[in-house]
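Down below is the structure, laid out as structure tokens.
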Amino acid sequence: MSAEIKKEIQLEIAHVLFMDIVGYSKRLINEQRALRDTLNQIVRTTEEFRTAEAAGRLLKIPTGDGMAGFLALIYARTGEPDHALPLIERLLSTPGAVDNFEESITLTDLRLRWEWDPLRKDSRFQKILAGPEPKTVYN
């Protein structure tokens with residue numbers, strides 16, 4: 001890689017906040033909106049949020065658990081099993097958490113898809129794969 005290209009590459013650390021409201025999908029639309037607004041107000045009062053917003057470094061992406069599945073995959077592929085495995089465990093027990101092909105998180109996906117290969121030697125991942133389908137938690 002040339003020196004000119006190296007100068008243009010800058011690595012940055014990103015912090016991701018997943019906001020989860022228990023029973024959200026079971027509520028009426030107006031209740032969902034009110035809960036989301038309340039949670040957003042709480043987050044926006046934090047010093048970290050205000051600092052990032054003032055610096056123009058805040059990126060807000062409204063998304064569901066699909067993003068958590070994608071993040072678990074990123075952690076797995078970059079050698080961060082301590083971050084990937086808790087997300088995987090949570091998503092496996094969340095009803096309908098990730099149901100599209102690209103970010104699908106099911107035991108079958110974890111067993112068969114090559115994308116999860118970096119976790120295969122981890123005993124915690126092996127335990128997840130060897131176990132029964134996790135019990136879905138409905139709140």
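Order determines the names: the first chain of the structure tokens is A, the second B, and so forth; residues in each chain are numbered 1 upward, and ligands are numbered 1 upward as they are shown.
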
For this session: Do a neighbour search on Leu110 in chain A at 10 Å with only C-alpha atoms, toss out local chain neighbours closer than 6 positions, and write the hits as a PyMOL selection string.
Result: chain A and resi 88+104+116-117+119-120+125+128-129

Exercise. Which distance in Å separates CA of Glu133 in chain A and CA of Leu107 in chain A, to one decimal?
Worked result: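 About the pair CA of Glu133 in chain A and CA of Leu107 in chain A: they are 6.8 Å apart.
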
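One finds CA of Pro134 in chain A at 18.6 Å from CA of Arg113 in chain A.
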
For this session: Measure the distance from CA of Thr38 in chain A to CA of Ala84 in chain A in Å and round it to one decimal.
Result: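 Interatomic distance here is 28.7 Å.
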